[in-house]
file structure_24.json (JSON, C-alpha atoms)
[["chain", "number", "residue", "atom", "x", "y", "z"],
["A", 1, "MET", "CA", 82.55, 100.84, 80.76],
["A", 2, "TYR", "CA", 83.45, 103.34, 83.45],
["A", 3, "HIS", "CA", 87.02, 103.33, 84.74],
["A", 4, "ARG", "CA", 87.63, 105.03, 88.05],
["A", 5, "PRO", "CA", 90.75, 107.19, 87.64],
["A", 6, "LEU", "CA", 93.71, 106.22, 89.78],
["A", 7, "SER", "CA", 95.41, 108.89, 91.80],
["A", 8, "LEU", "CA", 99.20, 108.86, 91.88],
["A", 9, "VAL", "CA", 99.17, 108.12, 95.58],
["A", 10, "SER", "CA", 97.03, 104.97, 95.42],
["A", 11, "PRO", "CA", 99.25, 102.89, 93.07],
["A", 12, "PHE", "CA", 102.35, 104.22, 94.84],
["A", 13, "PHE", "CA", 100.95, 103.23, 98.23],
["A", 14, "PHE", "CA", 99.82, 99.86, 96.88],
["A", 15, "LEU", "CA", 103.29, 99.08, 95.52],
["A", 16, "LEU", "CA", 104.97, 100.18, 98.75],
["A", 17, "VAL", "CA", 102.71, 97.96, 100.80],
["A", 18, "LEU", "CA", 103.21, 95.09, 98.37],
["A", 19, "VAL", "CA", 106.98, 95.40, 98.41],
["A", 20, "PHE", "CA", 107.63, 96.25, 102.05],
["A", 21, "GLY", "CA", 104.63, 94.53, 103.58],
["A", 22, "SER", "CA", 105.68, 91.11, 102.33],
["A", 23, "LEU", "CA", 109.47, 91.32, 102.55],
["A", 24, "PRO", "CA", 110.97, 88.44, 104.47],
["A", 25, "LEU", "CA", 113.12, 90.75, 106.59],
["A", 26, "SER", "CA", 115.43, 89.22, 109.17],
["A", 27, "THR", "CA", 113.33, 90.32, 112.16],
["A", 28, "ALA", "CA", 109.82, 91.46, 112.88],
["A", 29, "THR", "CA", 111.30, 94.67, 114.24],
["A", 30, "ALA", "CA", 112.89, 95.49, 110.88],
["A", 31, "GLN", "CA", 109.57, 94.95, 109.11],
["A", 32, "ASP", "CA", 107.78, 97.12, 111.67],
["A", 33, "SER", "CA", 110.43, 99.80, 111.11],
["A", 34, "ALA", "CA", 109.90, 99.68, 107.35],
["A", 35, "VAL", "CA", 106.15, 100.03, 107.69],
["A", 36, "GLY", "CA", 106.49, 102.88, 110.19],
["A", 37, "LEU", "CA", 108.96, 104.75, 107.98],
["A", 38, "LEU", "CA", 106.74, 104.30, 104.94],
["A", 39, "LYS", "CA", 103.72, 105.60, 106.83],
["A", 40, "GLN", "CA", 105.71, 108.69, 107.75],
["A", 41, "MET", "CA", 106.75, 109.22, 104.11],
["A", 42, "ILE", "CA", 103.18, 108.81, 102.88],
["A", 43, "ALA", "CA", 101.88, 111.28, 105.48],
["A", 44, "ILE", "CA", 104.49, 113.85, 104.38],
["A", 45, "ALA", "CA", 103.71, 113.25, 100.69],
["A", 46, "ALA", "CA", 99.97, 113.60, 101.35],
["A", 47, "ASP", "CA", 100.59, 117.01, 102.91],
["A", 48, "ASN", "CA", 100.97, 119.25, 99.84],
["A", 49, "GLY", "CA", 103.15, 116.69, 98.04],
["A", 50, "GLY", "CA", 105.93, 117.05, 100.60],
["A", 51, "VAL", "CA", 106.82, 120.54, 99.36],
["A", 52, "GLY", "CA", 109.49, 122.08, 101.59],
["A", 53, "ARG", "CA", 110.17, 118.80, 103.40],
["A", 54, "ALA", "CA", 112.81, 117.28, 101.11],
["A", 55, "GLU", "CA", 115.37, 116.89, 103.90],
["A", 56, "GLU", "CA", 112.91, 115.00, 106.05],
["A", 57, "LEU", "CA", 111.91, 112.73, 103.14],
["A", 58, "ASN", "CA", 115.55, 112.07, 102.26],
["A", 59, "ALA", "CA", 116.33, 111.15, 105.86],
["A", 60, "LEU", "CA", 113.45, 108.64, 105.87],
["A", 61, "LYS", "CA", 114.60, 107.27, 102.50],
["A", 62, "GLN", "CA", 118.10, 106.71, 103.91],
["A", 63, "GLN", "CA", 116.69, 104.93, 106.96],
["A", 64, "ILE", "CA", 114.68, 102.61, 104.69],
["A", 65, "ALA", "CA", 117.73, 101.92, 102.51],
["A", 66, "ALA", "CA", 119.69, 100.91, 105.62],
["A", 67, "LEU", "CA", 117.18, 98.22, 106.65],
["A", 68, "PRO", "CA", 118.12, 94.55, 106.12],
["A", 69, "LYS", "CA", 117.35, 93.17, 102.67],
["A", 70, "PRO", "CA", 115.98, 89.71, 101.84],
["A", 71, "ALA", "CA", 118.43, 87.05, 100.71],
["A", 72, "ARG", "CA", 118.70, 86.19, 97.03],
["A", 73, "GLY", "CA", 116.76, 83.13, 95.98],
["A", 74, "ASP", "CA", 116.67, 80.91, 92.91],
["A", 75, "THR", "CA", 117.42, 83.58, 90.31],
["A", 76, "LYS", "CA", 117.21, 81.29, 87.26],
["A", 77, "LYS", "CA", 113.73, 79.95, 88.08],
["A", 78, "ALA", "CA", 112.61, 83.43, 89.11],
["A", 79, "GLN", "CA", 113.76, 84.89, 85.78],
["A", 80, "GLU", "CA", 111.85, 82.16, 83.92],
["A", 81, "ALA", "CA", 108.67, 82.87, 85.90],
["A", 82, "ASN", "CA", 109.10, 86.62, 85.33],
["A", 83, "ALA", "CA", 109.52, 86.06, 81.57],
["A", 84, "LYS", "CA", 106.27, 84.04, 81.53],
["A", 85, "GLY", "CA", 104.55, 86.91, 83.34],
["A", 86, "LEU", "CA", 105.82, 89.44, 80.80],
["A", 87, "GLU", "CA", 104.53, 87.27, 77.95],
["A", 88, "ALA", "CA", 101.14, 87.00, 79.68],
["A", 89, "ILE", "CA", 100.97, 90.80, 80.01],
["A", 90, "LYS", "CA", 101.73, 91.16, 76.29],
["A", 91, "ALA", "CA", 99.00, 88.61, 75.54],
["A", 92, "GLY", "CA", 96.46, 90.57, 77.60],
["A", 93, "GLN", "CA", 96.27, 87.96, 80.38],
["A", 94, "PRO", "CA", 96.93, 89.89, 83.60],
["A", 95, "GLU", "CA", 95.65, 87.12, 85.92],
["A", 96, "LEU", "CA", 98.15, 84.65, 84.46],
["A", 97, "ALA", "CA", 100.83, 87.34, 84.63],
["A", 98, "LYS", "CA", 100.01, 87.92, 88.31],
["A", 99, "GLN", "CA", 100.53, 84.24, 89.08],
["A", 100, "SER", "CA", 103.87, 84.18, 87.25],
["A", 101, "PHE", "CA", 105.10, 87.38, 88.92],
["A", 102, "GLN", "CA", 104.06, 86.02, 92.33],
["A", 103, "SER", "CA", 106.11, 82.90, 91.65],
["A", 104, "ALA", "CA", 109.09, 84.98, 90.54],
["A", 105, "TYR", "CA", 108.86, 87.11, 93.69],
["A", 106, "GLN", "CA", 108.57, 84.08, 95.96],
["A", 107, "LEU", "CA", 111.58, 82.47, 94.29],
["A", 108, "ASP", "CA", 113.75, 85.62, 94.56],
["A", 109, "PRO", "CA", 112.25, 88.28, 96.86],
["A", 110, "ALA", "CA", 115.41, 90.41, 96.68],
["A", 111, "ASN", "CA", 114.74, 91.34, 93.04],
["A", 112, "ALA", "CA", 112.63, 94.51, 93.06],
["A", 113, "GLU", "CA", 111.68, 94.06, 89.40],
["A", 114, "TYR", "CA", 109.45, 91.11, 90.29],
["A", 115, "SER", "CA", 107.46, 92.99, 92.92],
["A", 116, "GLY", "CA", 107.14, 95.95, 90.54],
["A", 117, "ASN", "CA", 105.85, 93.66, 87.80],
["A", 118, "LEU", "CA", 103.42, 92.09, 90.25],
["A", 119, "GLY", "CA", 102.10, 95.53, 91.17],
["A", 120, "PHE", "CA", 101.71, 96.34, 87.47],
["A", 121, "ALA", "CA", 99.72, 93.12, 86.95],
["A", 122, "TYR", "CA", 97.38, 94.12, 89.80],
["A", 123, "ILE", "CA", 96.86, 97.51, 88.17],
["A", 124, "LYS", "CA", 96.07, 95.85, 84.83],
["A", 125, "ILE", "CA", 93.61, 93.49, 86.53],
["A", 126, "ARG", "CA", 91.90, 96.47, 88.19],
["A", 127, "GLN", "CA", 91.68, 98.29, 84.84],
["A", 128, "ALA", "CA", 90.05, 95.23, 83.27],
["A", 129, "ILE", "CA", 87.19, 95.32, 85.80]]

call {"tool": "encode", "arguments": {"input": "structure_24.json", "output": "C-alpha cells"}}
result
Amino acid sequence: MYHRPLSLVSPFFFLLVLVFGSLPLSTATAQDSAVGLLKQMIAIAADNGGVGRAEELNALKQQIAALPKPARGDTKKAQEANAKGLEAIKAGQPELAKQSFQSAYQLDPANAEYSGNLGFAYIKIRQAI
C-alpha cells in the first residue's frame, strides 16, 4: 500500500483551519480576523520557512492570542468523550475516535486538546486509506 508522505505544512494548516475555522468566536469579525491572521502566518511560513521574519510572525501570534476565546462548556462530559476517543485510537479505531473527539470539542470548544486530538484522528484516518 502506497502512503503519500505528508509535508509539515499540510497537517499544520489542517489543524489551524480545524481549530480556528470552527471556533464559536463572539463575532463574525473576530473569526474573519483569525482566518486573515492565519493566512498571513502561513504565507510567511511558506516563504523559506519564515527565516528572518520572526518579529512579524510573533506580532501575528500576539494578535491571534488577543482574539476572543470560546466559552467553557460541559468539561466533565467532554473529558469522558475525549477519554473514549483516546481508547479508540489505542484500539486502532480512528473513525470511532474522530466521533468521540468531535463530541468532546462540541461539548467544550475552549479546550485545545480536543481539537488537537480530532486533528490527530483525521491524520490516522488518512494514513489508513

call {"tool": "residues_near_point", "arguments": {"input": "structure_24.json", "point": "(107.8, 87.9, 80.2)", "cutoff": "12 Å", "atoms": "all atoms listed in the file", "output": "short mmCIF file (atom, residue, chain, number, x, y, z; two decimals) with C-alpha atoms, keeping the file's coordinate frame"}}
result
data_model
loop_
_atom_site.label_atom_id
_atom_site.label_comp_id
_atom_site.auth_asym_id
_atom_site.auth_seq_id
_atom_site.Cartn_x
_atom_site.Cartn_y
_atom_site.Cartn_z
CA ALA A 78 112.61 83.43 89.11
CA GLN A 79 113.76 84.89 85.78
CA GLU A 80 111.85 82.16 83.92
CA ALA A 81 108.67 82.87 85.90
CA ASN A 82 109.10 86.62 85.33
CA ALA A 83 109.52 86.06 81.57
CA LYS A 84 106.27 84.04 81.53
CA GLY A 85 104.55 86.91 83.34
CA LEU A 86 105.82 89.44 80.80
CA GLU A 87 104.53 87.27 77.95
CA ALA A 88 101.14 87.00 79.68
CA ILE A 89 100.97 90.80 80.01
CA LYS A 90 101.73 91.16 76.29
CA ALA A 91 99.00 88.61 75.54
CA GLY A 92 96.46 90.57 77.60
CA GLN A 93 96.27 87.96 80.38
CA PRO A 94 96.93 89.89 83.60
CA LEU A 96 98.15 84.65 84.46
CA ALA A 97 100.83 87.34 84.63
CA LYS A 98 100.01 87.92 88.31
CA SER A 100 103.87 84.18 87.25
CA PHE A 101 105.10 87.38 88.92
CA ALA A 104 109.09 84.98 90.54
CA GLU A 113 111.68 94.06 89.40
CA TYR A 114 109.45 91.11 90.29
CA ASN A 117 105.85 93.66 87.80
CA LEU A 118 103.42 92.09 90.25
CA ALA A 121 99.72 93.12 86.95
#

call {"tool": "residues_around", "arguments": {"input": "structure_24.json", "residues": "Asp108 of chain A", "least_positions_apart": "5", "cutoff": "10 Å", "atoms": "all atoms listed in the file", "output": "PyMOL selection string"}}
result
chain A and resi 70-79+102-103+114-115

call {"tool": "closest_residue", "arguments": {"input": "structure_24.json", "among": "A:Asn48, A:Gly119, A:Ala128, A:Pro68", "to": "Gln99 of chain A", "atoms": "only C-alpha atoms"}}
result
A:Gly119

call {"tool": "residues_around", "arguments": {"input": "structure_24.json", "residues": "Leu57 of chain A", "least_positions_apart": "3", "cutoff": "12 Å", "atoms": "all atoms listed in the file", "output": "VMD selection string"}}
result
chain A and resid 37 to 45 49 to 54 60 to 64

call {"tool": "atom_distance", "arguments": {"input": "structure_24.json", "atom1": "atom CA of Arg126 of chain A", "atom2": "atom CA of Lys69 of chain A"}}
result
29.5 Å

call {"tool": "atom_distance", "arguments": {"input": "structure_24.json", "atom1": "atom CA of Tyr105 of chain A", "atom2": "atom CA of Ala34 of chain A"}}
result
18.6 Å

call {"tool": "atom_distance", "arguments": {"input": "structure_24.json", "atom1": "atom CA of Gly116 of chain A", "atom2": "atom CA of Glu95 of chain A"}}
result
15.2 Å
